[in-house]
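**Student:** What follows is target-v1.json, JSON, C-alpha atoms.
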```json
[["chain", "number", "residue", "atom", "x", "y", "z"],
["A", 1, "MET", "CA", 0.00, 0.00, 0.00],
["A", 2, "LYS", "CA", 3.00, 2.34, -0.34],
["A", 3, "GLY", "CA", 2.66, 5.44, -2.54],
["A", 4, "ASP", "CA", 4.35, 8.80, -2.89],
["A", 5, "PHE", "CA", 3.15, 10.01, 0.51],
["A", 6, "GLY", "CA", 4.00, 6.95, 2.52],
["A", 7, "LEU", "CA", 0.59, 5.42, 2.62],
["A", 8, "LYS", "CA", -2.39, 5.49, 0.31],
["A", 9, "VAL", "CA", -5.28, 3.58, 1.76],
["A", 10, "LEU", "CA", -8.99, 2.93, 1.38],
["A", 11, "ALA", "CA", -10.88, 3.48, 4.61],
["A", 12, "LYS", "CA", -14.13, 1.49, 4.80],
["A", 13, "ILE", "CA", -16.26, 3.28, 7.37],
["A", 14, "TYR", "CA", -19.41, 1.84, 8.92],
["A", 15, "VAL", "CA", -21.71, 4.32, 10.62],
["A", 16, "THR", "CA", -24.50, 2.99, 12.80],
["A", 17, "LEU", "CA", -26.98, 4.38, 15.25],
["A", 18, "LYS", "CA", -26.03, 3.96, 18.89],
["A", 19, "THR", "CA", -27.76, 0.93, 20.35],
["A", 20, "SER", "CA", -29.71, 3.15, 22.74],
["A", 21, "VAL", "CA", -31.32, 4.99, 19.84],
["A", 22, "LEU", "CA", -34.52, 3.70, 18.20],
["A", 23, "ASP", "CA", -34.22, 2.82, 14.52],
["A", 24, "PRO", "CA", -37.56, 3.19, 12.69],
["A", 25, "GLN", "CA", -35.91, 2.42, 9.36],
["A", 26, "GLY", "CA", -34.61, -0.84, 10.76],
["A", 27, "THR", "CA", -38.05, -1.68, 12.06],
["A", 28, "ALA", "CA", -39.65, -0.93, 8.70],
["A", 29, "VAL", "CA", -37.13, -3.17, 6.95],
["A", 30, "LEU", "CA", -37.68, -5.90, 9.52],
["A", 31, "HIS", "CA", -41.43, -5.88, 8.88],
["A", 32, "ALA", "CA", -40.85, -5.91, 5.13],
["A", 33, "LEU", "CA", -38.54, -8.92, 5.42],
["A", 34, "HIS", "CA", -41.14, -10.74, 7.49],
["A", 35, "ALA", "CA", -43.76, -9.92, 4.86],
["A", 36, "LEU", "CA", -41.46, -11.48, 2.26],
["A", 37, "GLY", "CA", -41.35, -14.69, 4.27],
["A", 38, "PHE", "CA", -38.07, -14.29, 6.15],
["A", 39, "GLY", "CA", -39.67, -15.16, 9.46],
["A", 40, "GLY", "CA", -36.37, -15.95, 11.09],
["A", 41, "VAL", "CA", -35.15, -12.34, 10.99],
["A", 42, "LEU", "CA", -34.98, -11.07, 14.55],
["A", 43, "ASP", "CA", -33.57, -7.58, 14.22],
["A", 44, "VAL", "CA", -32.48, -5.07, 11.57],
["A", 45, "ARG", "CA", -30.48, -1.86, 12.04],
["A", 46, "VAL", "CA", -29.82, 0.42, 9.09],
["A", 47, "GLY", "CA", -26.57, 2.39, 8.90],
["A", 48, "LYS", "CA", -24.25, 4.01, 6.40],
["A", 49, "TYR", "CA", -21.19, 2.81, 4.60],
["A", 50, "LEU", "CA", -18.58, 5.26, 3.30],
["A", 51, "GLU", "CA", -15.42, 4.72, 1.31],
["A", 52, "VAL", "CA", -12.70, 7.31, 1.82],
["A", 53, "VAL", "CA", -9.41, 7.09, -0.09],
["A", 54, "LEU", "CA", -6.70, 9.02, 1.71],
["A", 55, "GLU", "CA", -2.97, 9.59, 1.85],
["A", 56, "ALA", "CA", -1.11, 9.69, 5.12],
["A", 57, "GLU", "CA", 2.43, 9.37, 6.48],
["A", 58, "ASP", "CA", 1.74, 6.05, 8.10],
["A", 59, "ASP", "CA", -0.94, 3.79, 9.50],
["A", 60, "ALA", "CA", -1.24, 5.68, 12.78],
["A", 61, "ALA", "CA", -1.61, 9.01, 10.99],
["A", 62, "ALA", "CA", -4.25, 7.52, 8.70],
["A", 63, "ARG", "CA", -6.20, 6.24, 11.70],
["A", 64, "ARG", "CA", -6.06, 9.63, 13.38],
["A", 65, "GLN", "CA", -7.35, 11.33, 10.25],
["A", 66, "VAL", "CA", -10.22, 8.89, 9.81],
["A", 67, "GLU", "CA", -11.25, 9.17, 13.43],
["A", 68, "ARG", "CA", -11.25, 12.97, 13.25],
["A", 69, "MET", "CA", -13.26, 12.88, 10.02],
["A", 70, "CYS", "CA", -15.80, 10.62, 11.68],
["A", 71, "ASN", "CA", -16.08, 12.71, 14.84],
["A", 72, "ASP", "CA", -16.20, 16.05, 13.02],
["A", 73, "LEU", "CA", -18.36, 15.37, 9.98],
["A", 74, "LEU", "CA", -19.08, 11.81, 8.94],
["A", 75, "THR", "CA", -21.07, 10.91, 12.05],
["A", 76, "ASN", "CA", -23.28, 12.75, 14.50],
["A", 77, "PRO", "CA", -21.76, 11.61, 17.80],
["A", 78, "VAL", "CA", -25.01, 12.38, 19.63],
["A", 79, "ILE", "CA", -26.76, 9.47, 17.95],
["A", 80, "GLU", "CA", -24.21, 7.58, 15.85],
["A", 81, "THR", "CA", -21.09, 5.49, 16.32],
["A", 82, "PHE", "CA", -18.58, 4.12, 13.83],
["A", 83, "THR", "CA", -16.06, 1.44, 13.04],
["A", 84, "TYR", "CA", -13.62, 1.30, 10.15],
["A", 85, "GLU", "CA", -11.05, -0.87, 8.46],
["A", 86, "PHE", "CA", -8.33, -0.19, 5.94],
["A", 87, "ALA", "CA", -8.00, -1.90, 2.59],
["A", 88, "GLU", "CA", -5.77, -1.65, -0.42],
["A", 89, "VAL", "CA", -6.53, 1.01, -2.99],
["A", 90, "ARG", "CA", -7.17, -0.62, -6.35],
["A", 91, "THR", "CA", -5.62, 1.44, -9.14],
["B", 92, "MET", "CA", -31.38, 46.89, 15.49],
["B", 93, "ARG", "CA", -30.10, 44.79, 12.61],
["B", 94, "VAL", "CA", -31.41, 41.40, 11.61],
["B", 95, "ALA", "CA", -29.58, 38.88, 9.44],
["B", 96, "VAL", "CA", -31.20, 35.98, 7.61],
["B", 97, "VAL", "CA", -28.43, 33.60, 6.55],
["B", 98, "GLN", "CA", -28.64, 31.88, 3.17],
["B", 99, "PHE", "CA", -26.98, 28.52, 2.68],
["B", 100, "PRO", "CA", -26.93, 26.79, -0.69],
["B", 101, "GLY", "CA", -30.33, 25.10, -0.59],
["B", 102, "SER", "CA", -32.04, 27.37, 1.96],
["B", 103, "ASN", "CA", -35.54, 28.18, 0.70],
["B", 104, "CYS", "CA", -37.40, 29.87, 3.57],
["B", 105, "ASP", "CA", -35.11, 32.88, 3.63],
["B", 106, "THR", "CA", -37.49, 35.28, 1.88],
["B", 107, "ASP", "CA", -40.38, 34.24, 4.11],
["B", 108, "ALA", "CA", -38.21, 34.96, 7.15],
["B", 109, "VAL", "CA", -37.37, 38.43, 5.84],
["B", 110, "LYS", "CA", -41.08, 39.10, 5.22],
["B", 111, "ALA", "CA", -42.08, 37.84, 8.66],
["B", 112, "VAL", "CA", -39.51, 40.04, 10.42],
["B", 113, "HIS", "CA", -40.84, 43.00, 8.49],
["B", 114, "ALA", "CA", -44.46, 42.14, 9.28],
["B", 115, "ALA", "CA", -43.63, 41.62, 12.96],
["B", 116, "GLY", "CA", -41.70, 44.80, 13.62],
["B", 117, "GLY", "CA", -41.13, 46.83, 10.51],
["B", 118, "GLN", "CA", -37.52, 45.70, 10.47],
["B", 119, "GLU", "CA", -35.75, 45.19, 7.14],
["B", 120, "ALA", "CA", -33.78, 42.00, 7.64],
["B", 121, "GLU", "CA", -30.66, 41.52, 5.52],
["B", 122, "LEU", "CA", -29.92, 38.37, 3.57],
["B", 123, "VAL", "CA", -26.40, 37.19, 4.35],
["B", 124, "TRP", "CA", -24.67, 34.57, 2.18],
["B", 125, "HIS", "CA", -23.11, 31.64, 4.04],
["B", 126, "ALA", "CA", -19.58, 32.65, 3.02],
["B", 127, "ALA", "CA", -19.71, 35.75, 5.23],
["B", 128, "ASP", "CA", -17.46, 35.49, 8.27],
["B", 129, "ASP", "CA", -18.55, 38.50, 10.29],
["B", 130, "LEU", "CA", -21.98, 38.98, 11.84],
["B", 131, "SER", "CA", -20.89, 41.39, 14.57],
["B", 132, "GLY", "CA", -23.15, 44.11, 13.24],
["B", 133, "TYR", "CA", -26.31, 42.07, 13.80],
["B", 134, "ASP", "CA", -28.48, 41.71, 16.89],
["B", 135, "LEU", "CA", -30.73, 38.93, 15.64],
["B", 136, "ILE", "CA", -29.59, 36.14, 13.33],
["B", 137, "VAL", "CA", -32.03, 33.77, 11.64],
["B", 138, "LEU", "CA", -31.02, 30.44, 10.12],
["B", 139, "PRO", "CA", -33.96, 29.69, 7.82],
["B", 140, "GLY", "CA", -35.57, 26.47, 6.67],
["B", 141, "GLY", "CA", -34.77, 24.60, 3.50],
["B", 142, "PHE", "CA", -32.48, 21.85, 2.30],
["B", 143, "SER", "CA", -28.98, 23.22, 2.74],
["B", 144, "TYR", "CA", -26.54, 21.08, 0.77],
["B", 145, "GLY", "CA", -29.45, 18.88, -0.20],
["B", 146, "ASP", "CA", -29.53, 17.39, 3.32],
["B", 147, "TYR", "CA", -26.57, 15.31, 2.09],
["B", 148, "LEU", "CA", -24.97, 13.03, 4.71],
["B", 149, "ARG", "CA", -27.33, 14.40, 7.41],
["B", 150, "ALA", "CA", -29.55, 17.46, 7.38],
["B", 151, "GLY", "CA", -27.42, 20.42, 8.43],
["B", 152, "ALA", "CA", -24.24, 18.34, 8.68],
["B", 153, "ILE", "CA", -22.39, 20.18, 5.94],
["B", 154, "ALA", "CA", -23.91, 23.65, 6.44],
["B", 155, "ARG", "CA", -22.55, 23.64, 9.95],
["B", 156, "PHE", "CA", -19.07, 24.01, 8.50],
["B", 157, "SER", "CA", -19.95, 27.05, 6.41],
["B", 158, "PRO", "CA", -17.72, 30.05, 7.20],
["B", 159, "VAL", "CA", -20.74, 31.93, 8.56],
["B", 160, "MET", "CA", -21.25, 29.38, 11.34],
["B", 161, "ASP", "CA", -18.07, 30.47, 13.17],
["B", 162, "ALA", "CA", -19.56, 33.96, 13.16],
["B", 163, "VAL", "CA", -22.91, 32.63, 14.41],
["B", 164, "ALA", "CA", -21.16, 30.81, 17.26],
["B", 165, "ARG", "CA", -19.22, 33.98, 18.18],
["B", 166, "GLU", "CA", -22.33, 36.15, 18.23],
["B", 167, "ALA", "CA", -24.26, 33.50, 20.18],
["B", 168, "GLU", "CA", -21.45, 33.53, 22.73],
["B", 169, "ARG", "CA", -21.83, 37.30, 22.96],
["B", 170, "GLY", "CA", -25.49, 36.92, 23.81],
["B", 171, "LYS", "CA", -26.95, 37.94, 20.46],
["B", 172, "LEU", "CA", -30.24, 36.29, 19.52],
["B", 173, "VAL", "CA", -30.20, 33.36, 17.12],
["B", 174, "ILE", "CA", -33.27, 31.58, 15.71],
["B", 175, "GLY", "CA", -32.89, 28.31, 13.80],
["B", 176, "ILE", "CA", -36.05, 27.29, 11.94],
["B", 177, "CYS", "CA", -36.41, 23.72, 10.68],
["B", 178, "ASN", "CA", -33.16, 23.20, 8.70],
["B", 179, "GLY", "CA", -31.77, 26.04, 10.79],
["B", 180, "PHE", "CA", -32.57, 24.02, 13.94],
["B", 181, "GLN", "CA", -30.82, 21.01, 12.39],
["B", 182, "ILE", "CA", -27.75, 23.14, 11.62],
["B", 183, "LEU", "CA", -27.65, 24.49, 15.18],
["B", 184, "THR", "CA", -27.74, 21.00, 16.72],
["B", 185, "GLU", "CA", -25.07, 19.75, 14.31],
["B", 186, "ALA", "CA", -22.97, 22.77, 15.29],
["B", 187, "GLY", "CA", -23.41, 22.00, 18.97],
["B", 188, "LEU", "CA", -25.07, 25.37, 19.61],
["B", 189, "LEU", "CA", -28.18, 23.53, 20.77],
["B", 190, "PRO", "CA", -28.34, 20.15, 22.54],
["B", 191, "GLY", "CA", -29.72, 16.99, 20.97],
["B", 192, "ALA", "CA", -30.15, 15.90, 17.38],
["B", 193, "LEU", "CA", -32.90, 15.82, 14.74],
["B", 194, "ARG", "CA", -33.58, 12.42, 13.28],
["B", 195, "ARG", "CA", -35.77, 10.98, 10.57],
["B", 196, "ASN", "CA", -39.47, 11.17, 11.43],
["B", 197, "ALA", "CA", -40.48, 8.03, 13.30],
["B", 198, "ASP", "CA", -43.02, 6.94, 10.67],
["B", 199, "LEU", "CA", -40.43, 7.62, 7.93],
["B", 200, "LEU", "CA", -42.84, 10.02, 6.21],
["B", 201, "PHE", "CA", -42.38, 13.70, 5.34],
["B", 202, "HIS", "CA", -45.01, 15.70, 7.25],
["B", 203, "SER", "CA", -46.37, 18.91, 5.83],
["B", 204, "GLY", "CA", -49.35, 20.76, 7.24],
["B", 205, "TRP", "CA", -50.71, 22.78, 10.13],
["B", 206, "GLN", "CA", -49.36, 21.84, 13.51],
["B", 207, "GLU", "CA", -50.76, 22.65, 16.96],
["B", 208, "LEU", "CA", -48.10, 23.72, 19.44],
["B", 209, "ILE", "CA", -48.04, 24.60, 23.12],
["B", 210, "VAL", "CA", -45.86, 27.47, 24.28],
["B", 211, "GLU", "CA", -44.11, 25.80, 27.22],
["B", 212, "ASN", "CA", -41.99, 28.70, 28.38],
["B", 213, "ASN", "CA", -42.97, 32.30, 27.73],
["B", 214, "ALA", "CA", -40.03, 33.69, 29.68],
["B", 215, "THR", "CA", -37.63, 33.45, 26.76],
["B", 216, "ALA", "CA", -36.55, 36.26, 24.47],
["B", 217, "PHE", "CA", -38.58, 34.61, 21.69],
["B", 218, "THR", "CA", -41.82, 33.81, 23.49],
["B", 219, "SER", "CA", -42.43, 36.76, 25.79],
["B", 220, "GLN", "CA", -45.46, 37.87, 23.77],
["B", 221, "TYR", "CA", -47.22, 34.54, 24.21],
["B", 222, "GLU", "CA", -49.03, 33.23, 27.26],
["B", 223, "ARG", "CA", -47.57, 30.26, 29.06],
["B", 224, "GLY", "CA", -49.45, 27.19, 27.88],
["B", 225, "GLU", "CA", -50.89, 29.07, 24.91],
["B", 226, "ARG", "CA", -51.91, 26.93, 21.96],
["B", 227, "VAL", "CA", -50.68, 28.21, 18.57],
["B", 228, "ARG", "CA", -50.62, 26.97, 14.97],
["B", 229, "PHE", "CA", -47.50, 26.99, 12.80],
["B", 230, "PRO", "CA", -46.98, 24.94, 9.61],
["B", 231, "ILE", "CA", -44.53, 22.06, 9.65],
["B", 232, "ALA", "CA", -42.77, 20.63, 6.62],
["B", 233, "HIS", "CA", -40.05, 18.16, 7.48],
["B", 234, "GLY", "CA", -38.78, 14.64, 7.06],
["B", 235, "GLU", "CA", -36.16, 14.81, 9.80],
["B", 236, "GLY", "CA", -37.83, 16.52, 12.74],
["B", 237, "ASN", "CA", -37.65, 13.74, 15.30],
["B", 238, "TYR", "CA", -35.90, 15.43, 18.23],
["B", 239, "TYR", "CA", -33.60, 13.16, 20.21],
["B", 240, "VAL", "CA", -31.73, 14.00, 23.38],
["B", 241, "ASP", "CA", -30.42, 11.68, 26.08],
["B", 242, "GLU", "CA", -32.46, 11.38, 29.25],
["B", 243, "ASP", "CA", -30.04, 13.21, 31.56],
["B", 244, "THR", "CA", -29.74, 16.20, 29.25],
["B", 245, "ARG", "CA", -33.48, 16.27, 28.68],
["B", 246, "ARG", "CA", -34.17, 16.38, 32.43],
["B", 247, "ARG", "CA", -31.71, 19.24, 32.83],
["B", 248, "MET", "CA", -33.32, 21.10, 29.95],
["B", 249, "GLU", "CA", -36.80, 20.65, 31.42],
["B", 250, "ALA", "CA", -35.60, 21.91, 34.78],
["B", 251, "SER", "CA", -33.96, 25.00, 33.32],
["B", 252, "GLY", "CA", -36.86, 25.95, 31.09],
["B", 253, "GLN", "CA", -35.12, 25.16, 27.82],
["B", 254, "ILE", "CA", -38.18, 23.51, 26.30],
["B", 255, "ALA", "CA", -39.79, 26.41, 24.45],
["B", 256, "PHE", "CA", -42.48, 24.64, 22.40],
["B", 257, "ARG", "CA", -44.09, 21.23, 22.50],
["B", 258, "TYR", "CA", -46.40, 19.53, 20.02],
["B", 259, "ALA", "CA", -49.91, 19.64, 21.48],
["B", 260, "PRO", "CA", -50.79, 16.38, 23.26],
["B", 261, "GLY", "CA", -51.71, 13.67, 20.81],
["B", 262, "THR", "CA", -50.43, 15.57, 17.77],
["B", 263, "ASN", "CA", -46.71, 14.72, 17.76],
["B", 264, "PRO", "CA", -45.98, 14.33, 14.03],
["B", 265, "ASN", "CA", -42.50, 12.88, 14.17],
["B", 266, "GLY", "CA", -41.84, 10.94, 17.39],
["B", 267, "SER", "CA", -39.82, 13.69, 19.07],
["B", 268, "ALA", "CA", -38.81, 12.91, 22.63],
["B", 269, "ALA", "CA", -41.28, 14.37, 25.12],
["B", 270, "ASN", "CA", -43.16, 16.01, 22.22],
["B", 271, "ILE", "CA", -40.41, 18.62, 22.00],
["B", 272, "ALA", "CA", -40.87, 21.00, 19.06],
["B", 273, "GLY", "CA", -38.49, 23.81, 20.00],
["B", 274, "VAL", "CA", -35.67, 24.35, 22.49],
["B", 275, "THR", "CA", -33.31, 27.04, 23.66],
["B", 276, "ASN", "CA", -29.73, 26.82, 24.83],
["B", 277, "GLU", "CA", -28.89, 27.26, 28.52],
["B", 278, "SER", "CA", -28.37, 31.02, 28.23],
["B", 279, "GLY", "CA", -31.69, 31.35, 26.45],
["B", 280, "ASN", "CA", -30.43, 33.40, 23.52],
["B", 281, "VAL", "CA", -30.48, 30.64, 20.91],
["B", 282, "LEU", "CA", -33.78, 29.07, 19.83],
["B", 283, "GLY", "CA", -34.31, 26.14, 17.50],
["B", 284, "LEU", "CA", -37.70, 24.88, 16.39],
["B", 285, "MET", "CA", -38.93, 22.56, 13.66],
["B", 286, "PRO", "CA", -42.25, 24.37, 12.94],
["B", 287, "HIS", "CA", -42.23, 27.48, 10.74],
["B", 288, "PRO", "CA", -43.26, 30.71, 12.51],
["B", 289, "GLU", "CA", -42.41, 32.67, 9.35],
["B", 290, "ARG", "CA", -45.16, 30.74, 7.57],
["B", 291, "ALA", "CA", -47.69, 31.73, 10.24],
["B", 292, "ALA", "CA", -47.24, 35.42, 9.54],
["B", 293, "SER", "CA", -50.20, 36.28, 7.36],
["B", 294, "LEU", "CA", -53.96, 36.08, 7.91],
["B", 295, "LEU", "CA", -54.36, 35.61, 4.19],
["B", 296, "LEU", "CA", -52.30, 32.42, 4.44],
["B", 297, "GLY", "CA", -54.03, 31.04, 7.53],
["B", 298, "SER", "CA", -52.34, 32.20, 10.73],
["B", 299, "THR", "CA", -50.42, 35.07, 12.26],
["B", 300, "ASP", "CA", -49.43, 33.11, 15.38],
["B", 301, "GLY", "CA", -45.79, 33.17, 14.31],
["B", 302, "LEU", "CA", -45.47, 36.95, 14.19],
["B", 303, "ARG", "CA", -45.20, 37.25, 17.97],
["B", 304, "LEU", "CA", -42.10, 35.05, 17.98],
["B", 305, "PHE", "CA", -40.24, 37.59, 15.86],
["B", 306, "ALA", "CA", -41.90, 40.51, 17.66],
["B", 307, "SER", "CA", -40.74, 39.11, 21.01],
["B", 308, "ALA", "CA", -37.17, 38.86, 19.76],
["B", 309, "LEU", "CA", -37.20, 42.35, 18.24],
["B", 310, "GLN", "CA", -38.63, 43.78, 21.44],
["B", 311, "TRP", "CA", -36.15, 41.94, 23.66],
["B", 312, "ARG", "CA", -33.20, 43.38, 21.79],
["B", 313, "LYS", "CA", -34.59, 46.87, 22.16],
["B", 314, "ASN", "CA", -34.95, 46.44, 25.92],
["B", 315, "SER", "CA", -31.71, 44.77, 26.91],
["B", 316, "TYR", "CA", -28.58, 45.27, 24.90],
["B", 317, "ALA", "CA", -25.35, 43.52, 25.76],
["B", 318, "HIS", "CA", -22.23, 43.60, 23.67]]
```
Could the structure of this file be written out as structure tokens, please?
**Tutor:**
Amino acid sequence: MKGDFGLKVLAKIYVTLKTSVLDPQGTAVLHALHALGFGGVLDVRVGKYLEVVLEAEDDAAARRQVERMCNDLLTNPVIETFTYEFAEVRT
Amino acid sequence: MRVAVVQFPGSNCDTDAVKAVHAAGGQEAELVWHAADDLSGYDLIVLPGGFSYGDYLRAGAIARFSPVMDAVAREAERGKLVIGICNGFQILTEAGLLPGALRRNADLLFHSGWQELIVENNATAFTSQYERGERVRFPIAHGEGNYYVDEDTRRRMEASGQIAFRYAPGTNPNGSAANIAGVTNESGNVLGLMPHPERAASLLLGSTDGLRLFASALQWRKNSYAH
């Protein structure tokens, strides 16, 4: 994953509602799945998936950047939480 | 007394806000583009309704980083009056100038129509011309008006009179916690509400209940000036 700036990486970011927050979208999807015959579905939560390609000095710097992005803009920390993983950038 | 109505890309209730301010107190509000970085000349700042940045990512999430929002935060800190209506309320919560967050309506539907509200606290700069417990009608038009705040914060807000408006019992259109329709910050100089007082500013269009919100604010600034 080495490029001109040390590291070029694809951050796969998963944004979900905090577990304490009700998810009406998830509930709607759950009911729809039941109506389609998937009776075994017990719970559905709907979140967001973002792909951010970034350059950074190293892995630690990339992590710091992604976490700041998430806290500042990509999530609303009042109601959302996030996880992320890094992957290779396909050129 | 100078009034600013901020325009973000996608704001669409800016003209109505200007008209309502004029109808309420004869004041000519000024439209201020979101790139402005100085609002020090204004006493009352209105963040109008609309779909700033298309509600992309989250409603108000991107507008909150507009250059003008640093100026809004500065003036709010100085005790100037700030009103966030609908999208403006969303921007204020995203910016941390008001507690809580606005989420998608609980039934996942966009609600547009007349809404009955109760004035919970008439001791704010924005509600002094209403009676406590007065029932008023403002239009609502929103898909993300479901007010969320954690229990501890909500209890503190109730105790300190920060709940300005509630949806009338049995009429909550969006699942907002405790039927909350509008809140102020702790200092009481910033108000956010989902309903549209600027659309309840003309008898011809169905209600003038919203005029007193702007009139209260204009009157308050005349009476107590702090810089």
**Student:** Interatomic distance between atom CA of B:Leu183 and atom CA of B:Arg223?
**Tutor:**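 Pair atom CA of B:Leu183 / atom CA of B:Arg223 returns 25.0 Å.
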**Student:** Tell me, counting all atoms listed in the file, for each residue of chain A within 7 Å of chain B, which pair of atoms is nearest and how far apart they are in Å to one decimal, in rows ordered by chain and increasing number, as CSV.
**Tutor:**
```
residue,atom,partner,partner_atom,distance
A:Pro24,CA,B:Ala197,CA,5.7
A:Leu73,CA,B:Ala152,CA,6.7
A:Val78,CA,B:Ala192,CA,6.6
```
**Student:** Quick one: of A:Thr75, A:Thr91, A:Thr83, A:Gln25, who's nearest to A:Val9, counting all atoms listed in the file?
**Tutor:** A:Thr91
**Student:** With all atoms of stretch 184-195 of chain B from the file as input, state the centre and edge lengths in Å to one decimal of the axis-aligned box that has 3 Å extra on each side, as JSON.
**Tutor:**
```
{"center_x": -29.4, "center_y": 18.2, "center_z": 16.6, "size_x": 18.8, "size_y": 20.4, "size_z": 18.0}
```
**Student:** Mind listing whatever residues come within 8 Å of the point (-24.7, 26.2, 4.5)? Use all atoms listed in the file, file coordinates, and give them as a list in words.
**Tutor:**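 Output of the proximity query reads Gln98, Phe99, Pro100, Gly101, Ser102, His125, Ser143, Tyr144, Gly151, Ile153, Ala154, Arg155, Phe156 and Ser157 of chain B.
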**Student:** What does the structure give for the distance between atom CA of B:Val137 and atom CA of B:Thr215, in Å to one decimal?
**Tutor:**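 These atoms are spaced 16.1 Å apart.
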**Student:** Interatomic distance between atom CA of B:Gly252 and atom CA of B:Asn212?
**Tutor:**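 Atom CA of B:Asn212 lies 6.4 Å from atom CA of B:Gly252.
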**Student:** Excluding A:Gly47 and residues on its chain fewer than 6 positions from it, collect all residues at most 12 Å away from it, counting all atoms listed in the file, and give them as a PyMOL selection string.
**Tutor:** (chain A and resi 13-19+23-26+75+79-83) or (chain B and resi 148)
**Student:** Show me the residues close to (-50.9, 31.8, 10.4) - anything with an atom within 12 Å, counting all atoms listed in the file - and format the list as a ChimeraX atom specification.
**Tutor:** /B:111,204-207,227-231,286-303
**Student:** Using all atoms listed in the file, which residue out of A:His34, A:Ala11, A:Tyr49, A:Gly6 lies closest to A:Glu67?
**Tutor:**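 Once distances to A:Glu67 are computed over all atoms listed in the file, the minimum belongs to A:Ala11.
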**Student:** Find the spatial neighbours of A:Phe5, counting only C-alpha atoms, within a cut-off of 7 Å - ignore same-chain residues fewer than 4 positions away - and output them as a PyMOL selection string.
**Tutor:** chain A and resi 55-57
